[in-house]
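Trainee: What follows is the file upload18.tsv, containing TSV, C-alpha atoms:
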```
chain	number	residue	atom	x	y	z
A	1	MET	CA	19.70	-1.57	-40.78
A	2	HIS	CA	20.79	1.44	-38.74
A	3	ASP	CA	17.37	1.58	-37.03
A	4	ILE	CA	17.64	-2.06	-35.98
A	5	ALA	CA	21.05	-1.45	-34.44
A	6	GLN	CA	19.71	1.58	-32.55
A	7	SER	CA	16.72	-0.39	-31.32
A	8	GLU	CA	18.96	-3.24	-30.17
A	9	ALA	CA	21.26	-0.81	-28.36
A	10	TRP	CA	18.32	0.89	-26.67
A	11	LEU	CA	16.79	-2.45	-25.69
A	12	SER	CA	20.13	-3.66	-24.36
A	13	SER	CA	20.62	-0.49	-22.27
A	14	GLU	CA	17.08	-0.69	-20.88
A	15	PHE	CA	17.59	-4.35	-19.98
A	16	ALA	CA	20.87	-3.49	-18.24
A	17	ARG	CA	19.10	-0.70	-16.33
A	18	LEU	CA	16.35	-3.13	-15.29
A	19	LEU	CA	18.90	-5.68	-14.09
A	20	HIS	CA	20.75	-2.98	-12.14
A	21	TRP	CA	17.49	-1.88	-10.50
A	22	LEU	CA	16.63	-5.49	-9.61
A	23	GLU	CA	20.07	-6.06	-8.09
A	24	GLN	CA	20.17	-2.78	-6.16
A	25	ASP	CA	16.58	-2.38	-4.99
A	26	ILE	CA	14.67	-5.65	-5.23
A	27	LEU	CA	17.01	-8.62	-4.88
A	28	VAL	CA	18.46	-7.50	-1.56
A	29	TRP	CA	18.16	-8.99	1.90
A	30	SER	CA	16.09	-6.11	3.26
A	31	THR	CA	13.39	-6.86	0.69
A	32	VAL	CA	13.41	-10.55	1.62
A	33	GLU	CA	13.23	-9.62	5.31
A	34	GLN	CA	10.32	-7.24	4.77
A	35	LEU	CA	8.43	-9.76	2.63
A	36	SER	CA	8.94	-12.45	5.26
A	37	ILE	CA	7.67	-10.04	7.92
A	38	VAL	CA	4.58	-9.30	5.83
A	39	LEU	CA	3.89	-13.00	5.21
A	40	THR	CA	4.32	-13.78	8.92
A	41	LEU	CA	2.02	-10.91	9.86
A	42	LEU	CA	-0.61	-12.13	7.38
A	43	LEU	CA	-0.55	-15.58	8.98
A	44	VAL	CA	-0.71	-14.15	12.50
A	45	ALA	CA	-3.53	-11.79	11.47
A	46	ARG	CA	-5.47	-14.75	10.03
A	47	ILE	CA	-5.17	-16.69	13.30
A	48	VAL	CA	-5.94	-13.72	15.56
A	49	ALA	CA	-8.82	-12.60	13.32
A	50	ARG	CA	-10.43	-16.03	13.36
A	51	ARG	CA	-10.29	-16.22	17.15
A	52	SER	CA	-11.45	-12.61	17.58
A	53	ALA	CA	-14.33	-13.08	15.14
A	54	ASP	CA	-15.44	-16.27	16.87
A	55	TRP	CA	-15.36	-14.52	20.25
A	56	PHE	CA	-17.18	-11.48	18.84
A	57	GLU	CA	-19.89	-13.56	17.19
A	58	GLY	CA	-20.41	-15.56	20.38
A	59	ALA	CA	-20.66	-12.43	22.51
A	60	PHE	CA	-22.95	-10.84	19.94
A	61	LYS	CA	-25.31	-13.83	19.86
A	62	ARG	CA	-25.46	-13.92	23.66
A	63	SER	CA	-26.49	-10.26	23.71
A	64	GLY	CA	-29.54	-11.02	21.54
A	65	ARG	CA	-28.88	-8.27	18.99
A	66	LYS	CA	-29.36	-8.90	15.31
A	67	SER	CA	-26.83	-6.40	13.95
A	68	ILE	CA	-24.83	-3.33	14.80
A	69	ILE	CA	-24.20	-2.04	11.29
A	70	ARG	CA	-25.10	-3.44	7.90
A	71	LEU	CA	-21.97	-4.68	6.18
A	72	HIS	CA	-22.07	-7.44	3.63
A	73	VAL	CA	-18.79	-8.75	4.99
A	74	SER	CA	-18.16	-11.56	7.43
A	75	SER	CA	-16.75	-10.72	10.84
A	76	HIS	CA	-13.76	-12.95	10.00
A	77	GLU	CA	-12.94	-10.77	7.00
A	78	LEU	CA	-13.53	-7.58	8.98
A	79	PHE	CA	-11.16	-8.63	11.75
A	80	PHE	CA	-8.59	-9.95	9.27
A	81	VAL	CA	-8.37	-6.64	7.43
A	82	LEU	CA	-8.19	-4.68	10.68
A	83	PHE	CA	-5.46	-6.89	12.13
A	84	VAL	CA	-3.44	-6.86	8.89
A	85	ILE	CA	-3.48	-3.07	8.88
A	86	LEU	CA	-2.64	-2.88	12.59
A	87	PHE	CA	0.20	-5.41	12.47
A	88	ILE	CA	1.82	-3.97	9.34
A	89	TRP	CA	1.53	-0.45	10.77
A	90	LEU	CA	3.25	-1.61	13.98
A	91	ALA	CA	6.03	-3.29	11.95
A	92	LEU	CA	6.44	-0.17	9.83
A	93	THR	CA	6.61	2.05	12.91
A	94	GLY	CA	9.23	-0.25	14.44
A	95	ALA	CA	11.30	-0.32	11.26
A	96	ARG	CA	11.23	3.47	11.00
A	97	ALA	CA	12.20	3.86	14.66
A	98	ALA	CA	15.10	1.45	14.17
A	99	ALA	CA	16.15	3.25	10.96
A	100	GLN	CA	15.69	0.04	8.97
A	101	PRO	CA	14.53	-0.24	5.35
A	102	HIS	CA	10.74	-0.11	5.26
A	103	GLN	CA	9.64	0.59	1.68
A	104	ILE	CA	8.00	-2.83	1.24
A	105	LEU	CA	6.18	-2.51	4.58
A	106	ARG	CA	4.95	0.96	3.58
A	107	MET	CA	3.77	-0.37	0.23
A	108	PHE	CA	1.87	-3.26	1.82
A	109	LEU	CA	0.31	-0.95	4.40
A	110	SER	CA	-0.91	1.38	1.67
A	111	LEU	CA	-2.36	-1.54	-0.27
A	112	ALA	CA	-3.97	-3.05	2.84
A	113	VAL	CA	-5.64	0.23	3.78
A	114	ALA	CA	-6.93	0.71	0.23
A	115	TRP	CA	-8.13	-2.89	0.10
A	116	GLY	CA	-9.93	-2.57	3.44
A	117	ILE	CA	-11.67	0.69	2.56
A	118	ILE	CA	-12.63	-0.58	-0.89
A	119	ARG	CA	-13.92	-3.89	0.46
A	120	PHE	CA	-16.11	-2.36	3.14
A	121	SER	CA	-17.32	0.63	1.20
A	122	SER	CA	-18.14	-1.40	-1.89
A	123	SER	CA	-20.14	-3.81	0.24
A	124	THR	CA	-22.32	-0.95	1.47
A	125	ILE	CA	-22.61	1.08	-1.75
A	126	GLN	CA	-25.39	-0.45	-3.81
A	127	ASN	CA	-24.81	1.49	-7.03
A	128	PRO	CA	-22.13	-0.31	-9.11
A	129	PHE	CA	-20.98	2.93	-10.79
A	130	TRP	CA	-20.18	4.69	-7.50
A	131	SER	CA	-18.69	1.55	-6.01
A	132	GLN	CA	-16.32	1.09	-8.97
A	133	LEU	CA	-15.49	4.81	-9.09
A	134	LEU	CA	-14.56	4.76	-5.41
A	135	ALA	CA	-12.50	1.58	-5.87
A	136	GLY	CA	-10.62	3.04	-8.85
A	137	THR	CA	-9.96	6.28	-7.02
A	138	LEU	CA	-8.66	4.50	-3.92
A	139	TRP	CA	-6.41	2.14	-5.89
A	140	THR	CA	-5.03	5.17	-7.75
A	141	LEU	CA	-4.36	6.97	-4.46
A	142	ALA	CA	-2.67	3.85	-3.08
A	143	ALA	CA	-0.47	3.61	-6.17
A	144	LEU	CA	0.44	7.31	-5.95
A	145	ASN	CA	1.27	6.87	-2.27
A	146	ILE	CA	3.50	3.89	-3.05
A	147	ILE	CA	5.57	5.91	-5.52
A	148	ASP	CA	5.65	8.89	-3.10
A	149	TRP	CA	3.63	11.26	-5.22
A	150	LEU	CA	1.28	12.07	-2.34
A	151	ASP	CA	4.08	13.25	-0.04
A	152	PRO	CA	3.51	16.98	0.68
A	153	SER	CA	7.25	17.59	1.03
A	154	ARG	CA	7.65	16.75	-2.67
A	155	TYR	CA	5.38	19.68	-3.53
A	156	THR	CA	7.40	21.92	-1.23
A	157	GLN	CA	10.63	20.84	-2.92
A	158	LEU	CA	9.14	21.42	-6.37
A	159	THR	CA	7.85	24.85	-5.35
A	160	GLN	CA	11.21	25.85	-3.87
A	161	HIS	CA	12.96	24.62	-7.02
A	162	ASN	CA	10.56	26.64	-9.23
A	163	VAL	CA	11.04	29.79	-7.14
A	164	ALA	CA	14.84	29.40	-7.27
A	165	ALA	CA	14.71	28.87	-11.03
A	166	ARG	CA	12.53	31.98	-11.52
A	167	CYS	CA	14.87	34.07	-9.36
A	168	ALA	CA	17.84	32.86	-11.38
A	169	LEU	CA	16.08	33.78	-14.62
A	170	THR	CA	15.10	37.26	-13.45
A	171	ASN	CA	18.59	38.00	-12.08
A	172	SER	CA	20.36	37.04	-15.29
```
Would you give me this structure, written as structure tokens?
Mentor:
Amino acid sequence: MHDIAQSEAWLSSEFARLLHWLEQDILVWSTVEQLSIVLTLLLVARIVARRSADWFEGAFKRSGRKSIIRLHVSSHELFFVLFVILFIWLALTGARAAAQPHQILRMFLSLAVAWGIIRFSSSTIQNPFWSQLLAGTLWTLAALNIIDWLDPSRYTQLTQHNVAARCALTNS
């Protein structure tokens, strides 16, 4: 009976912590603003990519060439990925310059870059093992970047903390 009460208390505290996190970090206007910016940029990228791809394909056919590089990806998809990355990067740069919240923009940029690299590299790598290994590695790097584990300053802070802790131990 005591174990059930402990489990209920732990579950209740974890649920309260989750609700607090949702209220403080997710269900705020800056998140809604950033998500609306991302959705708008995706729509704009789709329109611009379609027009750019149509122009590119027309110019390419008029030149008489058969191909520049061998990608198993349509030019529409290629331009869409490139414009998504460009537009989100520009929005992120603007948000940083204006000292506005930009975590969602940074997350979407990291995912878009990983998606683009995975999509184009996996279309050129014929071996399924290497293609899947590369995709898994890139998604892992994107996830680590999203949670800030790839930031070099974190390693510097950890190193400084370790050095300070060692100095404190040797001096005592």
Trainee: Could you check how far CA of Leu82 in chain A sits from CA of Phe129 in chain A, in Å to one decimal?
Mentor: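 Pair CA of Leu82 in chain A / CA of Phe129 in chain A returns 26.1 Å.
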Trainee: Distance CA of Leu134 in chain A-CA of Ser122 in chain A, one decimal place?
Mentor: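 Taking CA of Leu134 in chain A as the start and CA of Ser122 in chain A as the end point, the length is 7.9 Å.
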Trainee: CA of His76 in chain A to CA of Arg51 in chain A: how many Å, to one decimal?
Mentor: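 Separation of CA of His76 in chain A and CA of Arg51 in chain A: 8.6 Å.
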Trainee: Counting all atoms listed in the file, which residue out of A:Ile104, A:Trp130, A:Trp139, A:Gly116 sits closest to Thr31 in chain A?
Mentor: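 Residue with the minimum atom-to-atom distance to Thr31 in chain A: A:Ile104.
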Trainee: Within 12 Å of (-17.8, -6.0, -0.5), in the coordinates the file gives, what residues turn up when you count only C-alpha atoms, written out as a PyMOL selection string?
Mentor: chain A and resi 70-74+77-78+115-126+128+131-132+135
Trainee: Can you check which parts of range 3-63 of chain A lie within 12 Å of range 106-113 of chain A? Per residue, the shortest pair of atoms and distance in Å to one decimal, counting all atoms listed in the file, sorted by chain and number, as CSV.
Mentor:
```
residue,atom,partner,partner_atom,distance
A:Thr31,CA,A:Met107,CA,11.6
A:Gln34,CA,A:Phe108,CA,9.8
A:Leu35,CA,A:Phe108,CA,9.3
A:Ile37,CA,A:Phe108,CA,10.8
A:Val38,CA,A:Phe108,CA,7.7
A:Leu39,CA,A:Phe108,CA,10.5
A:Leu41,CA,A:Phe108,CA,11.1
A:Leu42,CA,A:Ala112,CA,10.7
```
Trainee: Kindly indicate which residue among A:Leu141, A:Val32, A:Leu18, A:Leu27 lies nearest to Leu105 in chain A, using all atoms listed in the file for the distances.
Mentor: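 Residue with the minimum atom-to-atom distance to Leu105 in chain A: A:Val32.
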Trainee: Considering only C-alpha atoms, return as a list in words whatever protein or nucleic-acid residues lie within 9 Å of Leu92 in chain A, sequence-local ones (same chain, fewer than 3 positions apart) excluded.
Mentor: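 Contacts, in chain order: Phe87, Ile88, Trp89, Ala95, Arg96, Ala97, His102, Gln103, Leu105, Arg106 and Leu109 of chain A.
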Trainee: Nearest to Val81 in chain A among A:Lys61, A:Thr93, A:Val44, A:Gln6, with distances taken over all atoms listed in the file: which residue is it?
Mentor: A:Val44
Trainee: Identify which of the residues A:Gln24, A:Thr137, A:Ser7, A:Ser52 lies closest to Phe79 in chain A, counting all atoms listed in the file when measuring atom-to-atom distances.
Mentor: A:Ser52
